[in-house]
Amino acid sequence: MYSLQVDSTVILRQSEFVADVTAVGATISHTLDMRGSKVSGTLDLDRLRVGVHLLMYDAEFHEIVLENAEIGGQLDFSGSTFHENVTLNGAHIGGALQFVSAQRSPAQWSDDAILLSLRNARADVIPNLSDPWPNKLDLDGLTYRNLDRLTSRSSGIRNDFNSWFDKLLQYSRQPYEQLATVLQTQGEIGSATAVRYFARDREHERREATDPVRLWLRLLDLVVGYGYYPQNTFRWAAGFVVLGALVLRIFGEGPKNGMPFGFAYSFDMLLPLVRLREKHYSIDLAGPARYYFYIHEIMGWVLASFFVTGLSGLTQ
């Protein structure tokens, strides 16, 4: 059916094709209805133009090629079984891409090796991340406006995107940033930040263990969460304040200098540009406590630098 031109709907419902089906360059002004059909060969719909919906639910397919297709409405795969790869590279879907619906069972991918390729595709809505995606995905360049059934403040979204990104063939920053942008638009600020952090962590994991940049990224992660969680520096600061107070008490320098607890002194020495009490700066510590507080003050500058850098976004 090369370059087929139909000015209304094409109905291939409940049909069975034992060989390849080809409709390259076909144009159907309304709907292509293939619900309940079975195609044993390759279904090649390259450059297909469908004005409204492409209905492929409750069906059974082997390889599907929908590269550079344009679908005005929804592409419904719910309830269908797929035995080979599904390629949607460069496709434009004006409505929703669906794997499951209220009336039908979820789509099934019969082989763990099946690849769903959506490289440089565009859709208005994609399936929820917990929906039945296949185990191998190519999402580089995929753009979309929303996720199906995204619930504001969804408690499970973080676990969902972890498993979703685990399916990617290779690392690319774009799928992470696209999801983060959608979540942020929907008010899921915390989840959007978590996605961007997860992308940076994956970048870190891909580097060799001896790579100096890997060591730098590990330090960024520990202190400020790659810049996405600069508030982590407050926990480090609190830890050093407590540690400094313990050092003063263990070596007796706190009680000796009129500081039975030493928290204020430890805080004063840690944070640059903060002077709680002038008397603290005239105290001359002795023994191991003196050398510890050299390190203590240096760590204060380090934490402050990481905090400012994290707020500026330079490390993201």
# chains A, B, ... in the order shown; residues from 1 in each chain; ligands from 1
$ select_by_dssp --residues "stretch 138-230 of chain A" --states "helix (DSSP H, G or I)" --output "count of residues only"
55
$ residues_around --residues "stretch 167-183 of chain A" --least-positions-apart "2" --cutoff "8 Å" --atoms "only C-alpha atoms" --output "mmCIF file with N, CA and C atoms, in the first residue's frame"
data_model
loop_
_atom_site.group_PDB
_atom_site.id
_atom_site.type_symbol
_atom_site.label_atom_id
_atom_site.label_comp_id
_atom_site.auth_asym_id
_atom_site.auth_seq_id
_atom_site.Cartn_x
_atom_site.Cartn_y
_atom_site.Cartn_z
ATOM 1 N N PRO A 134 9.015 -1.715 27.647
ATOM 2 C CA PRO A 134 9.926 -2.853 27.451
ATOM 3 C C PRO A 134 11.242 -2.630 28.197
ATOM 4 N N ASN A 135 12.068 -3.650 28.249
ATOM 5 C CA ASN A 135 13.297 -3.578 29.039
ATOM 6 C C ASN A 135 14.450 -2.886 28.329
ATOM 7 N N LYS A 136 14.280 -2.538 27.060
ATOM 8 C CA LYS A 136 15.324 -1.818 26.329
ATOM 9 C C LYS A 136 14.692 -0.601 25.652
ATOM 10 N N LEU A 137 15.253 0.573 25.924
ATOM 11 C CA LEU A 137 14.689 1.823 25.406
ATOM 12 C C LEU A 137 15.781 2.689 24.786
ATOM 13 N N ASP A 138 15.423 3.353 23.704
ATOM 14 C CA ASP A 138 16.252 4.425 23.148
ATOM 15 C C ASP A 138 15.375 5.671 23.139
ATOM 16 N N LEU A 139 15.638 6.585 24.087
ATOM 17 C CA LEU A 139 14.800 7.778 24.261
ATOM 18 C C LEU A 139 15.545 9.060 23.939
ATOM 19 N N ASP A 140 16.719 8.971 23.348
ATOM 20 C CA ASP A 140 17.525 10.157 23.088
ATOM 21 C C ASP A 140 16.801 11.072 22.101
ATOM 22 N N GLY A 141 16.518 12.292 22.529
ATOM 23 C CA GLY A 141 15.826 13.253 21.678
ATOM 24 C C GLY A 141 14.320 13.234 21.796
ATOM 25 N N LEU A 142 13.758 12.291 22.571
ATOM 26 C CA LEU A 142 12.305 12.249 22.763
ATOM 27 C C LEU A 142 11.846 13.461 23.571
ATOM 28 N N THR A 143 10.803 14.142 23.080
ATOM 29 C CA THR A 143 10.212 15.262 23.812
ATOM 30 C C THR A 143 8.719 15.005 23.998
ATOM 31 N N TYR A 144 8.176 15.502 25.102
ATOM 32 C CA TYR A 144 6.767 15.303 25.419
ATOM 33 C C TYR A 144 6.334 16.380 26.408
ATOM 34 N N ARG A 145 5.030 16.582 26.496
ATOM 35 C CA ARG A 145 4.484 17.623 27.361
ATOM 36 C C ARG A 145 4.119 17.098 28.740
ATOM 37 N N ASN A 146 3.714 15.831 28.814
ATOM 38 C CA ASN A 146 3.205 15.334 30.091
ATOM 39 C C ASN A 146 3.340 13.815 30.159
ATOM 40 N N LEU A 147 3.174 13.299 31.383
ATOM 41 C CA LEU A 147 3.096 11.862 31.615
ATOM 42 C C LEU A 147 1.646 11.485 31.869
ATOM 43 N N SER A 163 13.971 3.002 37.720
ATOM 44 C CA SER A 163 13.837 1.777 36.928
ATOM 45 C C SER A 163 13.666 2.102 35.444
ATOM 46 N N TRP A 164 13.027 3.237 35.136
ATOM 47 C CA TRP A 164 12.815 3.646 33.740
ATOM 48 C C TRP A 164 14.148 3.942 33.067
ATOM 49 N N PHE A 165 14.996 4.717 33.731
ATOM 50 C CA PHE A 165 16.289 5.060 33.151
ATOM 51 C C PHE A 165 17.232 3.864 33.102
ATOM 52 N N THR A 185 7.384 21.528 35.566
ATOM 53 C CA THR A 185 6.204 22.234 35.058
ATOM 54 C C THR A 185 4.949 21.813 35.808
ATOM 55 N N GLN A 186 4.899 20.544 36.240
ATOM 56 C CA GLN A 186 3.742 20.018 36.968
ATOM 57 C C GLN A 186 3.816 20.297 38.469
ATOM 58 N N GLY A 187 4.830 21.034 38.902
ATOM 59 C CA GLY A 187 4.955 21.372 40.313
ATOM 60 C C GLY A 187 5.710 20.353 41.140
ATOM 61 N N GLU A 188 6.277 19.330 40.502
ATOM 62 C CA GLU A 188 7.046 18.302 41.206
ATOM 63 C C GLU A 188 8.514 18.742 41.296
ATOM 64 N N ILE A 189 8.756 19.814 42.044
ATOM 65 C CA ILE A 189 10.093 20.403 42.095
ATOM 66 C C ILE A 189 11.102 19.427 42.698
ATOM 67 N N SER A 191 11.004 16.146 42.820
ATOM 68 C CA SER A 191 11.263 15.028 41.907
ATOM 69 C C SER A 191 12.109 15.472 40.725
ATOM 70 N N ALA A 192 11.870 16.678 40.218
ATOM 71 C CA ALA A 192 12.676 17.199 39.111
ATOM 72 C C ALA A 192 14.140 17.328 39.515
ATOM 73 N N THR A 193 14.374 17.826 40.721
ATOM 74 C CA THR A 193 15.746 17.931 41.229
ATOM 75 C C THR A 193 16.375 16.558 41.376
ATOM 76 N N VAL A 195 15.723 13.896 39.605
ATOM 77 C CA VAL A 195 16.053 13.388 38.276
ATOM 78 C C VAL A 195 17.381 13.971 37.805
ATOM 79 N N ARG A 196 17.562 15.274 37.984
ATOM 80 C CA ARG A 196 18.821 15.910 37.551
ATOM 81 C C ARG A 196 20.004 15.383 38.363
ATOM 82 N N ALA A 199 20.869 11.982 36.994
ATOM 83 C CA ALA A 199 21.613 12.068 35.732
ATOM 84 C C ALA A 199 23.090 12.317 35.993
ATOM 85 N N ARG A 202 24.731 9.164 37.262
ATOM 86 C CA ARG A 202 24.998 8.215 36.193
ATOM 87 C C ARG A 202 26.256 8.616 35.414
ATOM 88 N N GLU A 203 26.416 9.916 35.212
ATOM 89 C CA GLU A 203 27.620 10.405 34.542
ATOM 90 C C GLU A 203 28.868 10.043 35.357
#
$ residues_around --residues "A:Phe234" --least-positions-apart "4" --cutoff "9 Å" --atoms "only C-alpha atoms" --output "compact mmCIF listing (two decimals) with C-alpha atoms, in the first residue's frame"
# COMPACT_ATOMS: atom_id res chain seq x y z
CA PRO A 230 23.68 22.68 48.64
CA ALA A 238 26.92 20.66 62.17
CA GLY A 239 29.12 17.57 62.26
CA LEU A 303 32.37 23.99 52.98
CA PHE A 307 27.92 25.96 49.32
$ select_by_dssp --residues "stretch 50-160 of chain A" --states "strand (DSSP E)" --output "number ranges by chain"
A: 50, 54-55, 60-61, 64-65, 70-71, 75-76, 81-82, 86-87, 92-98, 108-109, 115-117, 122-126, 136-138, 143-147
$ residues_around --residues "A:Phe61" --least-positions-apart "5" --cutoff "6 Å" --atoms "only C-alpha atoms" --output "ChimeraX atom specification"
/A:38-39,82
$ residues_around --residues "stretch 299-301 of chain A" --least-positions-apart "4" --cutoff "7 Å" --atoms "only C-alpha atoms" --output "list in words"
Leu270, Leu271, Pro272, Ile295 and Ser305 of chain A
$ residues_around --residues "stretch 256-263 of chain A" --least-positions-apart "2" --cutoff "8 Å" --atoms "only C-alpha atoms" --output "list in words"
Val241, Val242, Gly244, Ala245, Leu246, Leu248, Arg249, Gly252, Glu253, Gly254, Tyr265, Ser266, Phe267 and Ile283 of chain A
$ closest_atom_pairs --of "stretch 28-147 of chain A" --to "stretch 19-24 of chain A" --cutoff "9 Å" --atoms "only C-alpha atoms" --output "tab-separated table"
residue	atom	partner	partner_atom	distance
A:Val39	CA	A:Ala19	CA	7.1
A:Ser40	CA	A:Ala19	CA	5.8
A:Gly41	CA	A:Asp20	CA	4.2
A:Thr42	CA	A:Asp20	CA	4.7
A:Leu43	CA	A:Val21	CA	4.9
A:Asp44	CA	A:Thr22	CA	4.7
A:Leu45	CA	A:Val24	CA	5.1
A:Asp46	CA	A:Val24	CA	4.8
A:Arg47	CA	A:Val24	CA	6.0
A:Leu48	CA	A:Val24	CA	6.3
$ write_last_selection --atoms "C-alpha atoms" --output "short mmCIF file (atom, residue, chain, number, x, y, z; two decimals), in the first residue's frame"
data_model
loop_
_atom_site.label_atom_id
_atom_site.label_comp_id
_atom_site.auth_asym_id
_atom_site.auth_seq_id
_atom_site.Cartn_x
_atom_site.Cartn_y
_atom_site.Cartn_z
CA VAL A 39 0.62 -9.30 11.82
CA SER A 40 3.16 -12.14 11.62
CA GLY A 41 5.65 -10.22 9.49
CA THR A 42 7.01 -6.67 9.59
CA LEU A 43 4.46 -3.87 9.76
CA ASP A 44 6.20 -1.07 7.87
CA LEU A 45 4.35 2.24 8.28
CA ASP A 46 7.32 4.50 7.59
CA ARG A 47 6.25 8.13 6.97
CA LEU A 48 2.60 7.28 7.64
#
$ atom_distance --atom1 "atom CA of A:Val100" --atom2 "atom CA of A:Ser29"
25.4 Å
$ closest_residue --among "A:Trp216, A:Tyr292, A:Trp109, A:Trp133" --to "A:Phe240" --atoms "only C-alpha atoms"
A:Tyr292
$ closest_residue --among "A:Asp211, A:Asp148, A:Asp76, A:Asp160" --to "A:Thr31" --atoms "only C-alpha atoms"
A:Asp76
$ closest_residue --among "A:Ala304, A:Leu88, A:Leu115, A:Ile71" --to "A:His30" --atoms "only C-alpha atoms"
A:Ile71
$ atom_distance --atom1 "atom CA of A:Tyr228" --atom2 "atom CA of A:Gly313"
7.8 Å
$ atom_distance --atom1 "atom CA of A:His83" --atom2 "atom CA of A:Leu118"
17.3 Å
$ closest_residue --among "A:His62, A:His296, A:Arg104, A:His53" --to "A:Met269" --atoms "only C-alpha atoms"
A:His296
$ residues_around --residues "A:Gly72" --least-positions-apart "6" --cutoff "9 Å" --atoms "only C-alpha atoms" --output "PyMOL selection string"
chain A and resi 30+49-54+92-95
$ decode --residues "stretch 10-60 of chain A" --atoms "N, CA and C atoms" --output "compact mmCIF listing (two decimals), in the first residue's frame"
# COMPACT_ATOMS: atom_id res chain seq x y z
N VAL A 10 -9.57 3.97 7.60
CA VAL A 10 -9.22 2.64 7.10
C VAL A 10 -9.42 1.65 8.25
N ILE A 11 -10.24 0.64 8.03
CA ILE A 11 -10.55 -0.34 9.07
C ILE A 11 -9.94 -1.69 8.69
N LEU A 12 -8.98 -2.13 9.48
CA LEU A 12 -8.36 -3.45 9.32
C LEU A 12 -8.56 -4.24 10.61
N ARG A 13 -9.69 -4.05 11.22
CA ARG A 13 -10.00 -4.63 12.52
C ARG A 13 -10.14 -6.15 12.44
N GLN A 14 -9.59 -6.86 13.47
CA GLN A 14 -9.71 -8.31 13.57
C GLN A 14 -9.17 -9.02 12.33
N SER A 15 -8.14 -8.44 11.72
CA SER A 15 -7.56 -9.03 10.52
C SER A 15 -6.31 -9.81 10.88
N GLU A 16 -5.93 -10.76 10.01
CA GLU A 16 -4.70 -11.52 10.22
C GLU A 16 -3.87 -11.48 8.95
N PHE A 17 -2.59 -11.08 9.12
CA PHE A 17 -1.65 -10.99 8.00
C PHE A 17 -0.48 -11.92 8.30
N VAL A 18 -0.24 -12.88 7.42
CA VAL A 18 0.80 -13.88 7.67
C VAL A 18 2.14 -13.46 7.06
N ALA A 19 2.18 -12.33 6.40
CA ALA A 19 3.43 -11.84 5.79
C ALA A 19 3.61 -10.37 6.17
N ASP A 20 4.58 -9.72 5.54
CA ASP A 20 4.82 -8.31 5.80
C ASP A 20 3.66 -7.45 5.32
N VAL A 21 3.42 -6.35 6.01
CA VAL A 21 2.43 -5.37 5.60
C VAL A 21 3.15 -4.03 5.44
N THR A 22 3.02 -3.42 4.27
CA THR A 22 3.75 -2.19 3.98
C THR A 22 2.80 -1.11 3.53
N ALA A 23 2.89 0.04 4.21
CA ALA A 23 2.11 1.21 3.81
C ALA A 23 2.99 2.45 3.92
N VAL A 24 4.17 2.35 3.33
CA VAL A 24 5.15 3.44 3.40
C VAL A 24 4.60 4.67 2.69
N GLY A 25 4.64 5.81 3.39
CA GLY A 25 4.20 7.07 2.79
C GLY A 25 2.69 7.19 2.64
N ALA A 26 1.91 6.32 3.29
CA ALA A 26 0.45 6.37 3.18
C ALA A 26 -0.10 7.59 3.92
N THR A 27 -1.22 8.11 3.44
CA THR A 27 -1.91 9.23 4.08
C THR A 27 -3.37 8.85 4.30
N ILE A 28 -3.78 8.87 5.56
CA ILE A 28 -5.16 8.53 5.93
C ILE A 28 -5.72 9.72 6.70
N SER A 29 -6.74 10.35 6.17
CA SER A 29 -7.19 11.63 6.72
C SER A 29 -7.84 11.50 8.10
N HIS A 30 -8.38 10.34 8.43
CA HIS A 30 -9.03 10.19 9.73
C HIS A 30 -8.30 9.17 10.60
N THR A 31 -8.79 7.93 10.70
CA THR A 31 -8.26 6.94 11.64
C THR A 31 -7.84 5.67 10.92
N LEU A 32 -6.72 5.08 11.39
CA LEU A 32 -6.33 3.75 10.96
C LEU A 32 -6.63 2.81 12.13
N ASP A 33 -7.57 1.92 11.93
CA ASP A 33 -8.06 1.04 12.99
C ASP A 33 -7.56 -0.38 12.75
N MET A 34 -6.59 -0.81 13.59
CA MET A 34 -6.05 -2.17 13.48
C MET A 34 -6.29 -2.95 14.76
N ARG A 35 -7.26 -2.58 15.53
CA ARG A 35 -7.51 -3.24 16.81
C ARG A 35 -7.87 -4.71 16.60
N GLY A 36 -7.28 -5.55 17.45
CA GLY A 36 -7.57 -6.98 17.40
C GLY A 36 -6.92 -7.72 16.25
N SER A 37 -6.03 -7.06 15.49
CA SER A 37 -5.41 -7.71 14.34
C SER A 37 -4.13 -8.44 14.74
N LYS A 38 -3.66 -9.29 13.83
CA LYS A 38 -2.41 -10.01 14.04
C LYS A 38 -1.56 -9.90 12.78
N VAL A 39 -0.31 -9.43 12.95
CA VAL A 39 0.62 -9.30 11.82
C VAL A 39 1.85 -10.15 12.14
N SER A 40 2.06 -11.20 11.36
CA SER A 40 3.16 -12.14 11.62
C SER A 40 4.48 -11.67 11.03
N GLY A 41 4.43 -10.75 10.08
CA GLY A 41 5.65 -10.22 9.49
C GLY A 41 5.94 -8.82 10.01
N THR A 42 6.70 -8.06 9.23
CA THR A 42 7.01 -6.67 9.59
C THR A 42 5.88 -5.75 9.17
N LEU A 43 5.45 -4.89 10.07
CA LEU A 43 4.46 -3.87 9.76
C LEU A 43 5.21 -2.57 9.52
N ASP A 44 5.39 -2.22 8.24
CA ASP A 44 6.20 -1.07 7.87
C ASP A 44 5.28 0.10 7.53
N LEU A 45 5.19 1.05 8.46
CA LEU A 45 4.35 2.24 8.28
C LEU A 45 5.22 3.50 8.27
N ASP A 46 6.38 3.38 7.68
CA ASP A 46 7.32 4.50 7.59
C ASP A 46 6.65 5.69 6.89
N ARG A 47 6.78 6.86 7.51
CA ARG A 47 6.25 8.13 6.97
C ARG A 47 4.72 8.11 6.83
N LEU A 48 4.06 7.30 7.63
CA LEU A 48 2.60 7.28 7.64
C LEU A 48 2.05 8.61 8.12
N ARG A 49 0.94 9.06 7.50
CA ARG A 49 0.25 10.26 7.95
C ARG A 49 -1.18 9.87 8.30
N VAL A 50 -1.53 10.04 9.58
CA VAL A 50 -2.89 9.72 10.05
C VAL A 50 -3.46 10.99 10.68
N GLY A 51 -4.61 11.44 10.19
CA GLY A 51 -5.17 12.70 10.67
C GLY A 51 -5.64 12.66 12.10
N VAL A 52 -6.20 11.52 12.55
CA VAL A 52 -6.73 11.44 13.92
C VAL A 52 -5.98 10.34 14.68
N HIS A 53 -6.54 9.16 14.85
CA HIS A 53 -5.96 8.14 15.72
C HIS A 53 -5.36 6.97 14.94
N LEU A 54 -4.37 6.35 15.56
CA LEU A 54 -3.85 5.07 15.10
C LEU A 54 -4.14 4.07 16.21
N LEU A 55 -5.14 3.22 15.99
CA LEU A 55 -5.61 2.29 17.02
C LEU A 55 -5.02 0.91 16.78
N MET A 56 -4.14 0.48 17.68
CA MET A 56 -3.43 -0.79 17.52
C MET A 56 -3.55 -1.61 18.81
N TYR A 57 -4.68 -1.49 19.50
CA TYR A 57 -4.81 -2.16 20.78
C TYR A 57 -5.43 -3.55 20.62
N ASP A 58 -5.20 -4.40 21.67
CA ASP A 58 -5.70 -5.78 21.70
C ASP A 58 -5.28 -6.55 20.46
N ALA A 59 -4.08 -6.29 19.99
CA ALA A 59 -3.59 -6.91 18.76
C ALA A 59 -2.29 -7.66 19.05
N GLU A 60 -1.69 -8.24 18.00
CA GLU A 60 -0.43 -8.96 18.14
C GLU A 60 0.46 -8.60 16.97
